[in-house]
Structures are given as C-alpha cells and as structure tokens.
Amino acid sequence: MTEDEVAESRDVAFVGLGIMGYPMAGHLAAAGHRVTVYNRTAARAEAWLAEHRGRAAATPREAAEGASAVFMCVGNDDDVRSVSLGDDGVFAGADSGSVVVDHTTASADLARELESVGGTRGVGFVDAPVSGGQVGAETGQLTVMCGGVQEAFDSVAPVIDCYAKSVRLMGGAGAGQLTKMVNQVCIAGVLQGLAEALHFAEKAGLDVDAVVDVISKGAAQSWQMDNRAATMARREFDFGFAVNWMRKDLDMTLAAARKLDARMPMAALVDQFYADVQAMGGGRWDTSSLIERLRRVEE
C-alpha cells in the first residue's frame, strides 16, 4: 500500500456480515480503511475480527458514529429498517455529512424512504444492490447499481471500488433497486430457458456436455450457461444464489411492475416454478435448480 493510499483511508462502518457482507467488509479493511463492523450475531463479527483489522460495535448506531460512510448488507426491507431506523439504528448514529449505503436487494420504495430520513439529518443515502454472488464478493468483482444524488454517489464510489468491478449511478433514489430487478428478471428467464434446453437434451439422449460446448460458442452463450450448465447436468445445487432469495427478489419486482403497469408474464411464471422448487425442499438450492422441477415432474 502506498503512502497516498494510506492517506486516503477513511473511517467506515459495515452492518451485516452475511455471505456477501463478510468478504465485502474484508476488502475495505484490506484497502486500508478503518472499519467498524456490526452483526446481529456477535460471533460472526468476532470471526471477522480474527481475520481482519478493525473493531466491532454493539449496535448499528455505535457502528455509524464517526464513520464517513456506512454500508449495510442485510436480508430484506424489514431487516434494513431494523438496523437503520430507531434509537439504535444507523441513522441515529450517522454524522451530518456522512453517507449511508444500502447494498441489500430491497424495494425502491424503501430506498426513497431512507433517503428522506437521511435528508432530515443531513445524511446522504445511496441504494446500491449488487450482482455477482458470493464469488464476486469474495474476489472483489461485484457489479454495483446505485441510486441517489450525484454528490452522495461521488463520495462513496471510491470506497465501493474496493470490492467492485463496476459501480454506476443509475438515477435518483430507488434507481439502483429498480436496475437490480431488471437484472433478476433477466437471470430468471435465462435459467428457465437453460433448464428446458438441457432437460430436452437429456431426454433426447444427447451428450449434454458436448451440446453445451458447441452451443456456448454461438448466440446461445450466457453467463448462466458457462457457469451453471455443468452443475445442472450433474444435479448439483448446494451452492450459489438460493431460490428463497430469488423468490424474495421476484416478489418485489412483480409488486413494482404492478405499480408501473408493466406486463411481466414470464417473470410471474418462473416465480411460480421457483415456488414448486421450494415445495420440493429446494429453498436453499441454487437458482439453477429449475431443471430439477422438470425432471421430478416426470419421475
């Protein structure tokens, strides 16, 4: 680390050390930032401190005190409210002039609500959901879609760069969350198409690996094909982005679509297919497990 890089280090906080937040906070510490972490389960914070330089706070409010930027990465809207609002929440401790960043995949309405809360306290807010999964978080190669005002974004973008390959402001508050919804719809559609295609190949008696090798060189190629086709063929799903999380995301997306009068028949259908996977006991399976639904219907 150069002297210039050390000089640019900042006091930051990270709230939520799940499978995404844990490595993301680690990248901040590795970059030389002074990191305070908070996690609802204290043992998780203790484990993080055993690997990284920093300190743990007893509450989100304590974590936010003195930080120029506070990052949150929790489960859903209710979880975000529980760590950001109230007497022990992030906004209660955030200093005027600081910026709160929410990496949770949450609703656009919540993003606008939190920007308003921050505005009453002189605190900036950026909604910044991510794409890239656990591997992207661990390798520092996440794509971060942001919503908020330019000034707040410019303040935190250099810090987010520590764990991102792409950081972009998409518009005002909520635009990051709406962009993530677009992302999830595209993933759901591609995975359903890939599941049906591979299932067809299996039923036709084709060598699935050979089929994928050929078609991945042409217009059918996708990230999902490159990274999930082989495991789908081997019936391996105990990893990756869980079906439960995708259903949460699609539920928010479909609710937003109804407000916008946007027709999304494919997304609604695949959401129901994921409900079938949950009923099969696959709530924690990777989203590529859509193919297992097709197989079991016929077994």
# chains A, B, ... in the order shown; residues from 1 in each chain; ligands from 1
>>> select_by_dssp(residues="segment 29-133 of chain A", states="helix (DSSP H, G or I)", output="MDAnalysis selection string")
chainID A and resid 29:30 42:51 60:64 77:84 90:93 108:121 133
>>> residues_around(residues="Ala175 of chain A", least_positions_apart="5", cutoff="12 Å", atoms="only C-alpha atoms", output="list in words")
Thr105, Ala106, Ser107, Ala108, Asp109, Leu110, Ala111, Arg112, Val126, Asp127, Ala128, Pro129, Val144, Met145, Cys146, Gly147, Gly148, Val149, Arg168, Leu169, Met170, Lys180, Met181 and Val182 of chain A
>>> closest_residue(among="A:Val99, A:Leu250, A:Val37, A:Ala13", to="Gln150 of chain A", atoms="only C-alpha atoms")
A:Val99
>>> closest_residue(among="A:Arg247, A:His103, A:Arg295, A:Arg61", to="Phe91 of chain A", atoms="only C-alpha atoms")
A:Arg61
>>> select_by_dssp(residues="segment 112-165 of chain A", states="strand (DSSP E or B)", output="NGL selection string")
:A and (124-127 or 130-131 or 142-147 or 164-165)
>>> residues_around(residues="Gly119 of chain A", least_positions_apart="3", cutoff="12 Å", atoms="only C-alpha atoms", output="ChimeraX atom specification")
/A:91,94-100,112-116,122-126,148-149,152,173
>>> write_last_selection(atoms="C-alpha atoms", output="mmCIF file, in the first residue's frame")
data_model
loop_
_atom_site.group_PDB
_atom_site.id
_atom_site.type_symbol
_atom_site.label_atom_id
_atom_site.label_comp_id
_atom_site.auth_asym_id
_atom_site.auth_seq_id
_atom_site.Cartn_x
_atom_site.Cartn_y
_atom_site.Cartn_z
ATOM 1 C CA PHE A 91 -29.263 6.962 11.095
ATOM 2 C CA ALA A 94 -24.602 8.799 11.471
ATOM 3 C CA ASP A 95 -22.830 12.146 11.439
ATOM 4 C CA SER A 96 -24.113 15.030 9.349
ATOM 5 C CA GLY A 97 -22.296 14.939 6.021
ATOM 6 C CA SER A 98 -21.802 11.184 6.050
ATOM 7 C CA VAL A 99 -23.405 8.808 3.539
ATOM 8 C CA VAL A 100 -25.369 5.619 4.230
ATOM 9 C CA ARG A 112 -36.773 6.605 -1.221
ATOM 10 C CA GLU A 113 -37.925 6.383 2.396
ATOM 11 C CA LEU A 114 -34.362 6.129 3.689
ATOM 12 C CA GLU A 115 -33.148 8.977 1.508
ATOM 13 C CA SER A 116 -35.882 11.111 3.083
ATOM 14 C CA GLY A 122 -28.035 15.912 6.801
ATOM 15 C CA VAL A 123 -27.004 12.373 5.890
ATOM 16 C CA GLY A 124 -26.733 11.213 2.286
ATOM 17 C CA PHE A 125 -28.155 7.926 1.088
ATOM 18 C CA VAL A 126 -27.360 5.611 -1.827
ATOM 19 C CA GLY A 148 -29.151 8.645 -5.268
ATOM 20 C CA VAL A 149 -27.845 12.133 -5.818
ATOM 21 C CA ALA A 152 -23.534 11.228 -2.314
ATOM 22 C CA ALA A 173 -33.083 7.122 -5.068
#
>>> closest_atom_pairs(of="segment 117-215 of chain A", to="segment 30-33 of chain A", cutoff="12 Å", atoms="only C-alpha atoms", output="Markdown table")
| residue | atom | partner | partner_atom | distance |
| --- | --- | --- | --- | --- |
| A:Gly140 | CA | A:Ala30 | CA | 11.1 |
| A:Pro158 | CA | A:Ala31 | CA | 11.0 |
| A:Val159 | CA | A:His33 | CA | 8.6 |
| A:Ile160 | CA | A:Ala31 | CA | 10.8 |
| A:Asp161 | CA | A:Ala31 | CA | 9.9 |
| A:Cys162 | CA | A:Ala31 | CA | 6.7 |
| A:Tyr163 | CA | A:Ala31 | CA | 9.6 |
>>> atom_distance(atom1="atom CA of Pro23 of chain A", atom2="atom CA of Ala64 of chain A")
19.1 Å
>>> closest_residue(among="A:Asp286, A:Thr59, A:Leu294, A:Thr143", to="Asn183 of chain A", atoms="only C-alpha atoms")
A:Thr143
>>> closest_residue(among="A:Ala67, A:Glu62, A:Leu191, A:Ser288", to="Asp87 of chain A", atoms="only C-alpha atoms")
A:Glu62
>>> atom_distance(atom1="atom CA of Gly26 of chain A", atom2="atom CA of His52 of chain A")
6.4 Å
>>> atom_distance(atom1="atom CA of Asp154 of chain A", atom2="atom CA of Glu138 of chain A")
23.9 Å
>>> closest_atom_pairs(of="segment 177-263 of chain A", to="segment 276-284 of chain A", cutoff="10 Å", atoms="only C-alpha atoms", output="CSV")
residue,atom,partner,partner_atom,distance
A:Phe237,CA,A:Arg284,CA,8.5
A:Asp238,CA,A:Arg284,CA,7.3
A:Phe239,CA,A:Arg284,CA,8.1
A:Gly240,CA,A:Arg284,CA,9.0
A:Phe241,CA,A:Arg284,CA,8.2
A:Ala242,CA,A:Arg284,CA,4.8
A:Val243,CA,A:Gly283,CA,5.1
A:Asn244,CA,A:Gly283,CA,5.0
A:Trp245,CA,A:Gly283,CA,8.4
A:Met246,CA,A:Gly283,CA,9.5
A:Arg247,CA,A:Gly283,CA,9.2
>>> write_last_selection(atoms="N, CA, C and O atoms", output="tab-separated table (two decimals), in the first residue's frame")
chain	number	residue	atom	x	y	z
A	237	PHE	N	-26.73	-28.56	-6.69
A	237	PHE	CA	-27.38	-27.27	-6.44
A	237	PHE	C	-27.08	-26.70	-5.06
A	237	PHE	O	-27.64	-25.67	-4.69
A	238	ASP	N	-26.19	-27.35	-4.31
A	238	ASP	CA	-25.94	-26.94	-2.93
A	238	ASP	C	-24.89	-25.83	-2.88
A	238	ASP	O	-23.83	-25.97	-2.27
A	239	PHE	N	-25.19	-24.70	-3.53
A	239	PHE	CA	-24.26	-23.58	-3.60
A	239	PHE	C	-25.00	-22.42	-4.25
A	239	PHE	O	-26.14	-22.56	-4.67
A	240	GLY	N	-24.33	-21.28	-4.36
A	240	GLY	CA	-24.84	-20.18	-5.19
A	240	GLY	C	-25.98	-19.39	-4.56
A	240	GLY	O	-26.19	-19.38	-3.35
A	241	PHE	N	-26.72	-18.73	-5.44
A	241	PHE	CA	-27.81	-17.83	-5.04
A	241	PHE	C	-29.08	-18.65	-4.79
A	241	PHE	O	-29.61	-19.28	-5.71
A	242	ALA	N	-29.57	-18.62	-3.57
A	242	ALA	CA	-30.65	-19.52	-3.16
A	242	ALA	C	-32.00	-19.15	-3.78
A	242	ALA	O	-32.31	-17.98	-4.00
A	243	VAL	N	-32.79	-20.17	-4.03
A	243	VAL	CA	-34.14	-20.00	-4.55
A	243	VAL	C	-34.96	-19.09	-3.65
A	243	VAL	O	-35.72	-18.23	-4.13
A	244	ASN	N	-34.82	-19.25	-2.33
A	244	ASN	CA	-35.56	-18.39	-1.40
A	244	ASN	C	-35.28	-16.91	-1.65
A	244	ASN	O	-36.17	-16.06	-1.60
A	245	TRP	N	-34.02	-16.60	-1.94
A	245	TRP	CA	-33.65	-15.20	-2.17
A	245	TRP	C	-34.20	-14.71	-3.51
A	245	TRP	O	-34.65	-13.57	-3.61
A	246	MET	N	-34.15	-15.57	-4.51
A	246	MET	CA	-34.69	-15.18	-5.81
A	246	MET	C	-36.19	-14.92	-5.72
A	246	MET	O	-36.70	-13.96	-6.31
A	247	ARG	N	-36.91	-15.75	-4.97
A	247	ARG	CA	-38.34	-15.51	-4.82
A	247	ARG	C	-38.61	-14.19	-4.11
A	247	ARG	O	-39.55	-13.48	-4.46
>>> residues_around(residues="Asp213 of chain A", least_positions_apart="6", cutoff="12 Å", atoms="only C-alpha atoms", output="ChimeraX atom specification")
/A:207,220-221,225-226,229-230
>>> write_last_selection(atoms="all heavy atoms", output="mmCIF file, in the first residue's frame")
data_model
loop_
_atom_site.group_PDB
_atom_site.id
_atom_site.type_symbol
_atom_site.label_atom_id
_atom_site.label_comp_id
_atom_site.auth_asym_id
_atom_site.auth_seq_id
_atom_site.Cartn_x
_atom_site.Cartn_y
_atom_site.Cartn_z
ATOM 1 N N ASP A 207 -25.299 -36.084 -25.534
ATOM 2 C CA ASP A 207 -24.226 -35.827 -24.575
ATOM 3 C C ASP A 207 -24.340 -34.354 -24.178
ATOM 4 O O ASP A 207 -23.979 -33.463 -24.961
ATOM 5 C CB ASP A 207 -22.871 -36.109 -25.225
ATOM 6 C CG ASP A 207 -21.693 -35.894 -24.279
ATOM 7 O OD1 ASP A 207 -21.789 -35.023 -23.386
ATOM 8 O OD2 ASP A 207 -20.665 -36.577 -24.447
ATOM 9 N N ALA A 220 -26.302 -18.645 -28.279
ATOM 10 C CA ALA A 220 -26.966 -19.111 -27.063
ATOM 11 C C ALA A 220 -26.118 -18.901 -25.810
ATOM 12 O O ALA A 220 -26.604 -19.093 -24.690
ATOM 13 C CB ALA A 220 -27.319 -20.594 -27.188
ATOM 14 N N GLN A 221 -24.886 -18.513 -25.991
ATOM 15 C CA GLN A 221 -23.967 -18.390 -24.859
ATOM 16 C C GLN A 221 -24.482 -17.384 -23.823
ATOM 17 O O GLN A 221 -25.085 -16.368 -24.162
ATOM 18 C CB GLN A 221 -22.585 -17.948 -25.360
ATOM 19 C CG GLN A 221 -21.511 -17.875 -24.291
ATOM 20 C CD GLN A 221 -21.478 -16.550 -23.544
ATOM 21 O OE1 GLN A 221 -21.976 -15.528 -24.042
ATOM 22 N NE2 GLN A 221 -20.924 -16.561 -22.347
ATOM 23 N N MET A 225 -25.017 -20.283 -18.715
ATOM 24 C CA MET A 225 -24.568 -21.481 -19.423
ATOM 25 C C MET A 225 -23.126 -21.811 -19.067
ATOM 26 O O MET A 225 -22.782 -22.964 -18.784
ATOM 27 C CB MET A 225 -24.718 -21.299 -20.938
ATOM 28 C CG MET A 225 -24.303 -22.528 -21.749
ATOM 29 S SD MET A 225 -24.535 -22.285 -23.517
ATOM 30 C CE MET A 225 -26.334 -22.303 -23.624
ATOM 31 N N ASP A 226 -22.270 -20.794 -19.076
ATOM 32 C CA ASP A 226 -20.856 -21.021 -18.793
ATOM 33 C C ASP A 226 -20.619 -21.505 -17.371
ATOM 34 O O ASP A 226 -19.702 -22.291 -17.119
ATOM 35 C CB ASP A 226 -20.063 -19.727 -19.023
ATOM 36 C CG ASP A 226 -19.995 -19.331 -20.481
ATOM 37 O OD1 ASP A 226 -20.317 -20.172 -21.345
ATOM 38 O OD2 ASP A 226 -19.619 -18.164 -20.755
ATOM 39 N N ALA A 229 -24.358 -24.747 -16.406
ATOM 40 C CA ALA A 229 -24.819 -25.886 -17.199
ATOM 41 C C ALA A 229 -24.235 -27.204 -16.696
ATOM 42 O O ALA A 229 -24.947 -28.209 -16.567
ATOM 43 C CB ALA A 229 -24.487 -25.680 -18.675
ATOM 44 N N ALA A 230 -22.937 -27.218 -16.405
ATOM 45 C CA ALA A 230 -22.290 -28.463 -15.977
ATOM 46 C C ALA A 230 -22.851 -28.956 -14.649
ATOM 47 O O ALA A 230 -23.111 -30.158 -14.478
ATOM 48 C CB ALA A 230 -20.784 -28.258 -15.878
#
>>> closest_residue(among="A:Ala210, A:Ala262, A:Ala69, A:Ala275", to="Ala157 of chain A", atoms="only C-alpha atoms")
A:Ala69
>>> closest_residue(among="A:Arg40, A:Arg53, A:Lys217, A:His199", to="Arg234 of chain A", atoms="only C-alpha atoms")
A:His199
